[in-house]
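Student: Structure file start.cif (mmCIF, C-alpha atoms) right here:
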data_work
loop_
_atom_site.label_atom_id
_atom_site.label_comp_id
_atom_site.auth_asym_id
_atom_site.auth_seq_id
_atom_site.Cartn_x
_atom_site.Cartn_y
_atom_site.Cartn_z
CA MET C 79 126.60 99.02 167.17
CA GLY C 80 127.92 95.75 168.54
CA GLN C 81 125.73 92.73 168.00
CA GLY C 82 123.33 91.39 170.57
CA LYS C 83 122.60 94.51 172.62
CA THR C 84 119.35 94.87 174.52
CA ILE C 85 117.42 98.11 174.09
CA CYS C 86 114.33 99.07 176.08
CA MET C 87 112.06 101.77 174.65
CA VAL C 88 110.16 103.39 177.53
CA THR C 89 106.97 105.38 176.89
CA VAL C 90 104.07 106.47 179.06
CA GLN C 91 102.35 108.68 176.46
CA HIS C 92 102.99 107.13 173.03
CA SER C 93 101.49 103.88 171.79
CA ALA C 94 103.63 100.76 171.58
CA LYS C 95 103.30 100.80 167.79
CA ASP C 96 104.12 104.48 167.40
CA ASP C 97 105.60 105.40 163.99
CA ARG C 98 108.98 106.53 165.31
CA ILE C 99 109.28 104.09 168.21
CA TYR C 100 108.15 100.89 166.52
CA PHE C 101 108.21 101.18 162.73
CA LYS C 102 111.48 103.09 162.56
CA GLN C 103 113.68 102.63 165.59
CA ALA C 104 112.59 99.26 166.99
CA ILE C 105 112.33 97.44 163.66
CA SER C 106 115.69 98.79 162.46
CA LEU C 107 117.41 97.78 165.69
CA ALA C 108 115.83 94.33 165.63
CA LYS C 109 116.88 93.79 162.00
CA ALA C 110 120.44 94.70 163.01
CA GLY C 111 120.42 91.83 165.51
CA HIS C 112 119.49 93.59 168.73
CA GLN C 113 116.78 92.57 171.17
CA VAL C 114 114.25 95.37 171.55
CA HIS C 115 111.67 95.69 174.31
CA ILE C 116 108.91 98.30 174.16
CA LEU C 117 107.60 99.21 177.61
CA SER C 118 104.33 101.12 177.30
CA VAL C 119 101.06 101.85 179.08
CA SER C 120 97.43 101.33 178.09
CA GLU C 121 94.03 101.28 179.76
CA ASP C 122 93.73 97.49 179.60
CA GLY C 123 97.39 96.49 179.78
CA HIS C 124 97.61 95.37 176.12
CA PRO C 125 100.00 97.02 173.60
CA LYS C 126 98.24 99.34 171.15
CA ASP C 127 98.71 100.86 167.73
CA MET C 128 98.18 104.58 167.13
CA SER C 129 94.45 104.11 166.63
CA GLY C 130 94.09 102.54 170.08
CA LYS C 131 93.60 98.99 168.80
CA SER C 132 95.38 96.06 170.43
CA ILE C 133 98.22 94.65 168.36
CA LYS C 134 99.39 91.12 167.71
CA THR C 135 102.69 90.50 169.44
CA ASP C 136 103.57 87.08 168.03
CA GLU C 137 104.61 88.44 164.63
CA ASN C 138 107.39 90.76 165.79
CA LYS C 139 110.74 88.96 165.65
CA GLY C 140 113.31 90.57 167.88
CA ILE C 141 110.75 92.94 169.46
CA SER C 142 109.02 92.20 172.76
CA PHE C 143 106.19 94.17 174.33
CA VAL C 144 105.71 94.89 178.02
CA THR C 145 102.54 96.87 178.67
CA LEU C 146 101.33 98.03 182.06
CA GLN C 147 97.75 98.97 182.83
CA GLU C 148 96.87 102.54 183.69
CA PRO C 149 96.03 102.91 187.41
CA PRO C 150 92.32 102.04 187.73
CA ARG C 151 91.73 103.64 191.13
CA LEU C 152 91.21 107.35 191.70
CA LEU C 153 93.85 107.61 194.42
CA SER C 154 96.46 105.88 192.25
CA LYS C 155 95.61 108.21 189.35
CA ILE C 156 96.07 111.23 191.60
CA LEU C 157 99.39 109.91 192.91
CA LYS C 158 100.55 109.16 189.36
CA LYS C 159 100.15 112.84 188.48
CA SER C 160 102.88 113.62 191.04
CA TYR C 161 105.21 110.69 190.27
CA LEU C 162 103.99 108.92 193.40
CA GLY C 163 102.21 105.66 194.12
CA PRO C 164 102.62 102.13 192.75
CA PHE C 165 102.41 102.94 189.03
CA TYR C 166 105.92 104.35 188.65
CA ARG C 167 107.37 101.71 190.95
CA ARG C 168 105.88 99.06 188.66
CA MET C 169 107.19 100.83 185.53
CA ILE C 170 110.70 101.05 186.98
CA GLN C 171 110.63 97.43 188.08
CA ALA C 172 109.37 96.30 184.66
CA ALA C 173 112.18 98.26 183.00
CA ILE C 174 114.80 96.83 185.37
CA SER C 175 113.61 93.28 184.63
CA VAL C 176 114.54 93.79 180.96
CA ARG C 177 118.16 94.42 182.00
CA ALA C 178 118.79 96.57 178.95
CA ASP C 179 122.12 97.92 177.77
CA ILE C 180 120.34 101.17 176.84
CA TYR C 181 117.01 102.55 178.05
CA VAL C 182 115.40 105.09 175.72
CA ALA C 183 112.84 107.49 177.20
CA HIS C 184 110.40 108.74 174.58
CA GLU C 185 108.96 111.70 176.48
CA PRO C 186 110.04 113.76 179.52
CA GLN C 187 107.77 111.80 181.85
CA SER C 188 109.65 108.61 180.97
CA ILE C 189 113.17 109.92 181.63
CA MET C 190 112.97 109.23 185.37
CA ILE C 191 111.88 105.64 184.70
CA ALA C 192 114.74 105.10 182.24
CA ARG C 193 117.26 106.73 184.59
CA LYS C 194 116.33 104.63 187.62
CA ALA C 195 116.18 101.44 185.57
CA ALA C 196 119.62 102.15 184.07
CA HIS C 197 121.07 102.85 187.50
CA GLY C 198 119.45 99.69 188.80
CA VAL C 199 121.34 97.49 186.33
CA SER C 200 124.42 99.72 185.83
CA SER C 201 123.64 100.49 182.20
CA HIS C 202 122.87 103.58 180.12
CA TYR C 203 119.86 105.72 179.25
CA LEU C 204 118.97 108.56 176.91
CA PHE C 205 116.02 110.75 175.91
CA ASP C 206 114.52 110.72 172.41
CA ALA C 207 112.63 114.00 171.91
CA HIS C 208 109.92 113.40 169.31
CA GLU C 209 108.20 116.76 169.56
CA SER C 210 108.98 120.38 170.35
CA LEU C 211 109.51 121.52 173.92
CA TYR C 212 106.33 123.60 174.05
CA PHE C 213 104.47 121.20 176.30
CA SER C 214 100.91 121.96 177.37
CA ASN C 215 101.22 119.51 180.24
CA TRP C 216 102.87 120.94 183.38
CA LYS C 217 104.16 117.48 184.23
CA ASP C 218 106.20 117.33 181.02
CA ARG C 219 107.71 120.75 181.73
CA TRP C 220 108.52 119.80 185.31
CA ALA C 221 109.97 116.42 184.32
CA LEU C 222 112.22 117.96 181.68
CA LYS C 223 113.51 120.63 184.05
CA LYS C 224 114.14 118.06 186.77
CA GLU C 225 115.90 115.51 184.57
CA MET C 226 117.88 117.53 182.01
CA ASN C 227 120.80 118.38 184.29
CA ARG C 228 121.33 114.64 184.92
CA LEU C 229 120.89 113.55 181.31
CA LYS C 230 124.06 112.57 179.49
CA ALA C 231 122.68 111.78 176.06
CA PHE C 232 119.66 112.60 173.90
CA THR C 233 118.36 112.51 170.34
CA THR C 234 115.88 114.90 168.75
CA ALA C 235 113.75 115.07 165.60
CA ASN C 236 115.16 118.47 164.55
CA SER C 237 118.05 120.84 165.22
CA LEU C 238 115.89 123.50 166.90
CA THR C 239 114.94 121.07 169.68
CA GLN C 240 118.53 119.89 169.88
CA GLN C 241 119.81 123.44 170.46
CA ALA C 242 117.09 124.17 173.01
CA LEU C 243 118.00 121.06 175.02
CA LEU C 244 121.71 121.83 174.82
CA LYS C 245 120.99 125.18 176.48
CA LEU C 246 119.63 123.20 179.42
CA ASN C 247 122.61 120.83 179.49
CA ARG C 248 125.72 121.80 177.55
CA GLY C 249 127.54 118.64 178.59
CA ALA C 250 125.14 116.14 177.04
CA VAL C 251 126.01 114.35 173.80
CA SER C 252 123.28 114.58 171.17
CA GLU C 253 122.22 113.73 167.64
CA VAL C 254 119.39 114.77 165.32
CA ILE C 255 117.49 111.74 163.99
CA TYR C 256 114.99 112.91 161.39
CA ASN C 257 111.63 111.16 161.00
CA ALA C 258 112.72 110.00 157.56
CA SER C 259 110.37 107.75 155.63
CA ILE C 260 110.40 103.96 155.49
CA LEU C 261 107.92 103.91 152.58
CA GLU C 262 108.91 102.34 149.28
CA ARG C 263 110.13 105.14 147.03
CA THR C 264 108.65 106.31 143.75
CA PRO C 265 111.83 107.50 142.00
CA GLU C 266 110.22 108.24 138.61
CA PRO C 267 107.08 110.34 139.08
CA SER C 268 104.50 110.56 136.31
CA ALA C 269 103.41 113.86 134.82
CA LYS C 270 99.92 112.40 134.42
CA GLU C 271 99.42 112.33 138.19
CA LEU C 272 97.54 115.35 139.54
CA LEU C 273 96.10 114.18 142.85
CA ILE C 274 96.51 116.53 145.83
CA VAL C 275 97.02 114.76 149.15
CA HIS C 276 97.15 115.55 152.87
CA GLU C 277 98.58 112.76 154.99
CA GLY C 278 97.72 112.37 158.66
CA SER C 279 94.87 113.25 160.97
CA PHE C 280 93.53 116.70 160.17
CA PRO C 281 92.59 118.75 163.24
CA PHE C 282 91.93 122.48 162.93
CA ASN C 283 95.47 123.25 164.11
CA ARG C 284 96.85 121.46 161.05
CA GLY C 285 95.10 123.82 158.65
CA LEU C 286 91.78 122.18 157.82
CA GLU C 287 89.97 125.52 157.58
CA LEU C 288 92.70 127.04 155.40
CA LEU C 289 92.48 124.10 153.01
CA MET C 290 88.70 123.99 152.72
CA GLU C 291 88.45 127.74 152.10
CA ALA C 292 91.21 127.47 149.47
CA LEU C 293 89.44 124.60 147.72
CA ALA C 294 86.26 126.66 147.46
CA LEU C 295 88.33 129.24 145.54
CA LEU C 296 90.27 126.65 143.55
CA LYS C 297 87.07 125.12 142.20
CA LYS C 298 86.43 128.31 140.22
CA GLU C 299 89.84 128.07 138.48
CA ALA C 300 90.40 124.30 138.40
CA PRO C 301 87.02 122.62 138.77
CA LEU C 302 88.37 119.12 138.06
CA PHE C 303 90.92 118.91 140.88
CA ASN C 304 90.95 115.92 143.25
CA LEU C 305 92.04 115.83 146.89
CA LYS C 306 92.67 112.85 149.15
CA ILE C 307 92.87 113.18 152.93
CA VAL C 308 94.74 110.12 154.21
CA GLY C 309 93.69 110.32 157.82
CA SER C 310 90.81 110.96 160.18
CA LEU C 311 88.74 113.88 161.45
CA SER C 312 87.31 114.37 164.93
CA PRO C 313 83.52 114.93 165.19
CA ALA C 314 83.84 118.75 165.28
CA GLU C 315 86.20 118.79 162.31
CA GLU C 316 84.09 116.30 160.40
CA ASN C 317 80.99 118.48 160.87
CA TYR C 318 82.89 121.47 159.51
CA PHE C 319 84.28 119.39 156.64
CA ILE C 320 80.84 118.12 155.61
CA HIS C 321 79.41 121.63 155.82
CA MET C 322 82.11 123.04 153.53
CA VAL C 323 81.80 120.19 151.05
CA ARG C 324 78.04 120.69 150.76
CA THR C 325 78.15 124.47 150.75
CA HIS C 326 80.71 124.65 147.93
CA GLN C 327 79.55 121.57 145.99
CA LEU C 328 82.83 119.72 146.47
CA GLU C 329 81.24 116.28 146.45
CA GLY C 330 83.22 113.89 144.30
CA ARG C 331 86.32 116.11 144.48
CA ILE C 332 87.52 114.97 147.93
CA ALA C 333 88.16 111.49 149.35
CA LEU C 334 88.52 110.95 153.11
CA THR C 335 90.07 107.59 154.02
CA GLY C 336 89.80 107.66 157.80
CA TRP C 337 92.64 106.30 159.92
CA VAL C 338 95.08 104.20 157.88
CA PRO C 339 97.50 101.60 159.36
CA TYR C 340 101.11 102.55 158.77
CA GLU C 341 101.58 99.38 156.72
CA ASP C 342 99.01 100.69 154.18
CA LEU C 343 100.22 104.28 154.00
CA GLY C 344 102.46 103.82 150.98
CA SER C 345 99.68 102.45 148.80
CA GLN C 346 97.36 105.25 149.93
CA LEU C 347 99.88 107.90 148.83
CA SER C 348 100.68 106.23 145.51
CA GLY C 349 99.38 108.14 142.50
CA SER C 350 99.56 111.50 144.27
CA ALA C 351 101.39 114.52 142.87
CA ILE C 352 101.15 117.32 145.46
CA GLY C 353 101.52 116.98 149.23
CA LEU C 354 100.21 119.58 151.70
CA ILE C 355 101.58 120.74 155.08
CA LEU C 356 99.33 123.47 156.52
CA ASN C 357 99.86 123.60 160.30
CA THR C 358 98.68 126.70 162.14
CA PRO C 359 101.44 128.88 163.67
CA THR C 360 101.26 127.62 167.26
CA PRO C 361 104.61 127.33 169.10
CA ASN C 362 104.41 123.52 169.05
CA ASN C 363 103.79 123.47 165.28
CA LEU C 364 106.45 126.06 164.53
CA TYR C 365 109.24 124.44 166.53
CA GLY C 366 108.28 120.78 166.29
CA GLY C 367 108.65 118.43 163.37
CA PRO C 368 109.47 118.24 160.58
CA ALA C 369 106.34 116.15 160.31
CA ASN C 370 106.49 112.52 159.16
CA LYS C 371 104.43 113.58 156.15
CA LEU C 372 107.27 115.74 154.78
CA PHE C 373 109.53 112.71 154.43
CA ASN C 374 106.70 110.45 153.25
CA TYR C 375 105.91 112.97 150.51
CA MET C 376 109.58 112.90 149.49
CA ALA C 377 109.52 109.10 149.31
CA LYS C 378 106.64 109.33 146.84
CA SER C 379 108.36 112.15 144.91
CA LEU C 380 105.61 114.68 145.56
CA MET C 381 105.76 118.41 145.05
CA ILE C 382 105.27 119.85 148.53
CA ILE C 383 103.24 122.95 149.34
CA SER C 384 103.72 124.11 152.91
CA VAL C 385 103.08 127.02 155.20
CA ASP C 386 106.19 128.52 156.81
CA LEU C 387 107.43 126.18 159.56
CA PRO C 388 111.14 126.77 160.32
CA GLU C 389 112.64 123.29 159.96
CA THR C 390 110.20 122.18 157.27
CA SER C 391 110.75 125.38 155.28
CA ARG C 392 114.53 125.01 155.48
CA ILE C 393 114.43 121.50 154.02
CA ILE C 394 111.94 122.45 151.30
CA ARG C 395 113.96 125.46 150.20
CA THR C 396 117.43 123.91 150.33
CA SER C 397 116.24 120.73 148.58
CA GLY C 398 114.07 122.54 146.00
CA ILE C 399 111.17 120.17 146.56
CA GLY C 400 108.26 122.57 146.72
CA VAL C 401 106.81 125.93 147.67
CA VAL C 402 106.66 127.65 151.05
CA LEU C 403 103.60 129.91 151.02
CA ASP C 404 104.15 133.63 151.54
CA ASP C 405 101.21 133.74 153.94
CA ARG C 406 98.41 131.56 155.30
CA SER C 407 95.59 133.03 153.22
CA PRO C 408 93.19 130.78 151.26
CA GLN C 409 93.81 132.96 148.19
CA THR C 410 97.57 132.29 148.28
CA LEU C 411 97.11 128.55 148.72
CA ALA C 412 94.50 128.37 145.97
CA SER C 413 96.74 130.30 143.59
CA VAL C 414 99.75 128.02 144.17
CA LEU C 415 97.60 124.91 143.82
CA GLU C 416 96.13 126.18 140.56
CA LYS C 417 99.60 126.84 139.14
CA ALA C 418 100.87 123.45 140.30
CA LEU C 419 97.99 121.69 138.54
CA ARG C 420 98.28 123.76 135.37
CA ASP C 421 102.06 124.09 134.93
CA GLU C 422 103.44 120.61 134.32
CA ASP C 423 107.09 121.68 134.00
CA TRP C 424 106.94 123.65 137.24
CA ARG C 425 105.29 120.79 139.13
CA MET C 426 107.58 118.10 137.74
CA SER C 427 110.76 120.04 138.51
CA PHE C 428 109.82 119.92 142.19
CA ARG C 429 108.85 116.25 141.96
CA ARG C 430 112.19 115.28 140.45
CA SER C 431 113.99 117.20 143.20
CA SER C 432 111.82 115.46 145.76
CA ALA C 433 112.92 112.08 144.40
CA LYS C 434 116.56 113.11 144.89
CA ALA C 435 115.89 114.48 148.38
CA ALA C 436 114.36 111.15 149.40
CA GLU C 437 117.78 109.58 148.91
CA GLN C 438 119.40 112.16 151.19
CA PHE C 439 116.71 112.02 153.85
CA SER C 440 116.27 108.26 153.98
CA TRP C 441 115.55 106.16 157.05
CA ASP C 442 118.42 103.86 156.01
CA LYS C 443 120.80 106.75 156.68
CA GLU C 444 118.97 107.98 159.80
CA SER C 445 118.91 104.49 161.33
CA GLN C 446 122.66 104.22 160.84
CA LYS C 447 123.07 107.56 162.62
CA LEU C 448 120.91 106.18 165.43
CA MET C 449 123.04 103.07 165.87
CA THR C 450 126.28 105.02 165.66
CA PHE C 451 124.96 107.32 168.38
CA TYR C 452 124.03 104.35 170.57
CA ASP C 453 127.63 103.16 170.17
CA ARG C 454 128.76 106.57 171.35
CA VAL C 455 126.52 106.32 174.39
CA LEU C 456 127.82 102.86 175.25
CA GLU C 457 131.46 103.79 174.75
CA GLN C 458 131.76 107.41 175.89
CA VAL C 459 129.04 108.09 178.45
CA ALA C 460 130.16 106.92 181.85
#
Spell out the structure here as C-alpha cells.
Tutor:
Amino acid sequence: MGQGKTICMVTVQHSAKDDRIYFKQAISLAKAGHQVHILSVSEDGHPKDMSGKSIKTDENKGISFVTLQEPPRLLSKILKKSYLGPFYRRMIQAAISVRADIYVAHEPQSIMIARKAAHGVSSHYLFDAHESLYFSNWKDRWALKKEMNRLKAFTTANSLTQQALLKLNRGAVSEVIYNASILERTPEPSAKELLIVHEGSFPFNRGLELLMEALALLKKEAPLFNLKIVGSLSPAEENYFIHMVRTHQLEGRIALTGWVPYEDLGSQLSGSAIGLILNTPTPNNLYGGPANKLFNYMAKSLMIISVDLPETSRIIRTSGIGVVLDDRSPQTLASVLEKALRDEDWRMSFRRSSAKAAEQFSWDKESQKLMTFYDRVLEQVA
C-alpha cells in the first residue's frame, strides 16, 4: 500500500486495544508508515484495553486514539439503540475529522458510521468481520441487513463468514484475514515439556465443564499432569471451577492466571506442550473463529486438541497439528490427553507440524494480505 495513507478503525463494541484491531492491524499499518486512528467508545471517554482498563496513549507511534463517551442520559441511550440522537452524529463527525483514506468498520453497527464518514470526505470504507454472523443482538442483524447491499469491500476472519457475506452482496470485493499470531515463535519444541494449556477467558460455552470432568478422569490415569488456564473466569464459572478442584483433589495440578495483557501472553504460553480448544457447539462457536488461540498455539509449536469446529478442524487436519475429538465426551478428551502425555513420539510429531504451520499462518503474511487488499480498495472500488 502506498506510503502515508490515513486509516481510521471505527468500533462501537470492541475496545480500542482489541487484539485484532490494535495489536495486529493498527500496529502493522503504523509500522508500514501509515497514520492509524482508532475511534472507539467507552463509559468515561478514555480508550481501554480488553480488560476495561484505560491505556496510555503517548507510547503508540503512528497510532492515535479518539474515544467518545457512552451517552450518559437515559433518553440518549434509548435513541442510540435506534441509531438516533446525538451519539451517532458525534461518532460520524469524529470520523470525518480524521479525513481518512479508508474507514474500517469493525462490527455491523459501525458500518453506517464508516460509510457516512467516507462519503463526507470522498474516501473509502470497508467492513472487517471479526466474528460469525450469528448475532444475538437484533441491532447487529438489522445493521448488517441494511448496510450489506451498499458495501463494496469487506474482510473476514474465515472463509465461512466470507461466503455468507458474499451471498448478501455478490458484487463486493473481499479477503480472508486470519487472526494469525504475533507471538514470538518456538520453532524447536522440547520433548520434556508436558504442560497442558487453555488460552483465553473460559466461560461455560468454551468448554469449562467438559475440561473439568475430563481432568477428574485423567487424574486416575495420569495423576501428575499439569494444566494452566491463561485467562479469567466469571464468578459463576469460578465457583464451579473451585468446586471441581476440591471435589476431585486437583489442587496443585491446575494454575489459573487471571486476565493476562496481550504483551505477556507469549511468556505465559512458553513451556507448554498441548493446547486446548473446547468450545460448545453453538452457532456462533461453530461458524466463528478460528480462535486467536489456535494460531497462538501454533506459534508456540503446541500439539492442539480441539472439539469439531469447521474452520478450526480444517486447519488442524490439513496441517497435521493435532487431534479433532470424535465427540465432546469427558471420556474421549481424557483418553486423548492421556495418550498425548504418555506417547512422546505421537505428541512431538504434532508439535513439529505445528512449528511448520506457524510459518504458513503467520501474521507477517496476513498483514501483507491486508495491505494488498487495502490497495485494491483504494484502486478498484469507486
Student: For a quick check of your reading of the model, name the residues lying within 12 Å of the coordinate (114.1, 101.0, 165.9), counting only C-alpha atoms, and write them as a count of residues only.
Tutor: 43
Student: Which neighbours of Thr233 (chain C) fall inside 9 Å, counting all atoms listed in the file, when residues of the same chain fewer than 2 positions from it are skipped, and could you give them as a compact mmCIF listing (two decimals) with C-alpha atoms, in the frame of the given file?
Tutor:
# COMPACT_ATOMS: atom_id res chain seq x y z
CA LEU C 204 118.97 108.56 176.91
CA PHE C 205 116.02 110.75 175.91
CA ASP C 206 114.52 110.72 172.41
CA ALA C 207 112.63 114.00 171.91
CA HIS C 208 109.92 113.40 169.31
CA ALA C 231 122.68 111.78 176.06
CA ALA C 235 113.75 115.07 165.60
CA ASN C 236 115.16 118.47 164.55
CA GLN C 240 118.53 119.89 169.88
CA VAL C 251 126.01 114.35 173.80
CA SER C 252 123.28 114.58 171.17
CA GLU C 253 122.22 113.73 167.64
CA VAL C 254 119.39 114.77 165.32
CA ILE C 255 117.49 111.74 163.99
CA LEU C 448 120.91 106.18 165.43
CA PHE C 451 124.96 107.32 168.38
Student: Evaluated on this file, the PyMOL selection byres ((chain C and resi 227) around 12) picks out some residues - which ones are they, written as a PyMOL selection string?
Tutor: chain C and resi 189+221-226+228-232+243-250
Student: For the PyMOL selection byres ((chain C and resi 319-325) around 12), applied here, can you spell out every residue it catches as a count of residues only?
Tutor: 35
Student: So which residues get picked by the PyMOL selection byres ((chain C and resi 404) around 12) here, written as a PDB file with C-alpha atoms, in the frame of the given file?
Tutor:
ATOM      1  CA  ILE C 383     103.240 122.950 149.340  1.00  0.00           C
ATOM      2  CA  SER C 384     103.720 124.110 152.910  1.00  0.00           C
ATOM      3  CA  VAL C 385     103.080 127.020 155.200  1.00  0.00           C
ATOM      4  CA  ASP C 386     106.190 128.520 156.810  1.00  0.00           C
ATOM      5  CA  LEU C 387     107.430 126.180 159.560  1.00  0.00           C
ATOM      6  CA  SER C 391     110.750 125.380 155.280  1.00  0.00           C
ATOM      7  CA  VAL C 401     106.810 125.930 147.670  1.00  0.00           C
ATOM      8  CA  VAL C 402     106.660 127.650 151.050  1.00  0.00           C
ATOM      9  CA  LEU C 403     103.600 129.910 151.020  1.00  0.00           C
ATOM     10  CA  ASP C 405     101.210 133.740 153.940  1.00  0.00           C
ATOM     11  CA  ARG C 406      98.410 131.560 155.300  1.00  0.00           C
ATOM     12  CA  SER C 407      95.590 133.030 153.220  1.00  0.00           C
ATOM     13  CA  PRO C 408      93.190 130.780 151.260  1.00  0.00           C
ATOM     14  CA  GLN C 409      93.810 132.960 148.190  1.00  0.00           C
ATOM     15  CA  THR C 410      97.570 132.290 148.280  1.00  0.00           C
ATOM     16  CA  LEU C 411      97.110 128.550 148.720  1.00  0.00           C
ATOM     17  CA  SER C 413      96.740 130.300 143.590  1.00  0.00           C
ATOM     18  CA  VAL C 414      99.750 128.020 144.170  1.00  0.00           C
TER      19      VAL C 414
END
Student: So how many Å separate CA of Pro125 (chain C) and CA of Val144 (chain C), to one decimal?
Tutor: 7.5 Å
Student: From the options C:Val119, C:Val455, C:Leu419, C:Val275, which residue's atoms come nearest to Leu372 (chain C), counting only C-alpha atoms?
Tutor: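 Smallest separation from Leu372 (chain C) among the options: C:Val275.
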Student: At a cut-off of 9 Å from (108.3, 94.0, 179.3) in the coordinates of the file, what residues are picked up using all atoms listed in the file, written as an MDAnalysis selection string?
Tutor: chainID C and resid 86 115:118 142:146 172:173 175:176
Student: Which residue is closest to Ala178 (chain C)? Choose from C:Ala192, C:Ala369, C:Ile133, C:Leu238 and count only C-alpha atoms.
Tutor: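 Looking only at the distances to Ala178 (chain C), the closest residue turns out to be C:Ala192.
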Student: Using the incomplete input, complete region 214-221 of chain C to the level of all heavy atoms; output as a short mmCIF file (atom, residue, chain, number, x, y, z; two decimals), keeping the file's coordinate frame.
Tutor:
data_model
loop_
_atom_site.label_atom_id
_atom_site.label_comp_id
_atom_site.auth_asym_id
_atom_site.auth_seq_id
_atom_site.Cartn_x
_atom_site.Cartn_y
_atom_site.Cartn_z
N SER C 214 102.10 121.41 176.70
CA SER C 214 100.91 121.96 177.37
C SER C 214 100.73 121.37 178.75
O SER C 214 100.06 121.95 179.59
CB SER C 214 99.66 121.68 176.51
OG SER C 214 99.49 120.28 176.31
N ASN C 215 101.35 120.23 178.98
CA ASN C 215 101.22 119.51 180.24
C ASN C 215 102.30 119.98 181.22
O ASN C 215 103.50 119.89 180.93
CB ASN C 215 101.33 118.00 179.98
CG ASN C 215 101.00 117.17 181.19
OD1 ASN C 215 101.35 117.50 182.30
ND2 ASN C 215 100.31 116.05 180.96
N TRP C 216 101.90 120.45 182.40
CA TRP C 216 102.87 120.94 183.38
C TRP C 216 103.83 119.83 183.81
O TRP C 216 105.00 120.09 184.12
CB TRP C 216 102.15 121.48 184.63
CG TRP C 216 101.46 120.40 185.45
CD1 TRP C 216 100.18 119.99 185.35
CD2 TRP C 216 102.06 119.59 186.47
NE1 TRP C 216 99.92 118.97 186.23
CE2 TRP C 216 101.05 118.71 186.94
CE3 TRP C 216 103.34 119.52 187.03
CZ2 TRP C 216 101.29 117.77 187.94
CZ3 TRP C 216 103.58 118.58 188.03
CH2 TRP C 216 102.57 117.72 188.47
N LYS C 217 103.33 118.60 183.79
CA LYS C 217 104.16 117.48 184.23
C LYS C 217 105.33 117.26 183.29
O LYS C 217 106.44 116.93 183.72
CB LYS C 217 103.29 116.22 184.32
CG LYS C 217 103.97 115.06 185.04
CD LYS C 217 102.97 113.94 185.22
CE LYS C 217 103.59 112.75 185.92
NZ LYS C 217 102.63 111.65 186.06
N ASP C 218 105.11 117.44 181.99
CA ASP C 218 106.20 117.33 181.02
C ASP C 218 107.25 118.42 181.26
O ASP C 218 108.45 118.16 181.22
CB ASP C 218 105.66 117.44 179.60
CG ASP C 218 104.88 116.22 179.16
OD1 ASP C 218 105.43 115.11 179.22
OD2 ASP C 218 103.72 116.37 178.78
N ARG C 219 106.77 119.64 181.48
CA ARG C 219 107.71 120.75 181.73
C ARG C 219 108.52 120.51 182.99
O ARG C 219 109.74 120.73 183.01
CB ARG C 219 106.93 122.07 181.83
CG ARG C 219 106.22 122.47 180.53
CD ARG C 219 105.76 123.91 180.58
NE ARG C 219 104.78 124.15 181.63
CZ ARG C 219 103.47 124.05 181.47
NH1 ARG C 219 102.98 123.68 180.29
NH2 ARG C 219 102.64 124.29 182.46
N TRP C 220 107.84 120.06 184.04
CA TRP C 220 108.52 119.80 185.31
C TRP C 220 109.51 118.65 185.17
O TRP C 220 110.64 118.72 185.66
CB TRP C 220 107.47 119.48 186.38
CG TRP C 220 108.06 119.23 187.74
CD1 TRP C 220 108.46 120.15 188.66
CD2 TRP C 220 108.33 117.94 188.33
NE1 TRP C 220 108.95 119.53 189.78
CE2 TRP C 220 108.88 118.18 189.60
CE3 TRP C 220 108.14 116.64 187.90
CZ2 TRP C 220 109.25 117.13 190.44
CZ3 TRP C 220 108.52 115.59 188.74
CH2 TRP C 220 109.05 115.85 189.99
N ALA C 221 109.10 117.59 184.48
CA ALA C 221 109.97 116.42 184.32
C ALA C 221 111.23 116.78 183.54
O ALA C 221 112.34 116.36 183.89
CB ALA C 221 109.21 115.31 183.61
#
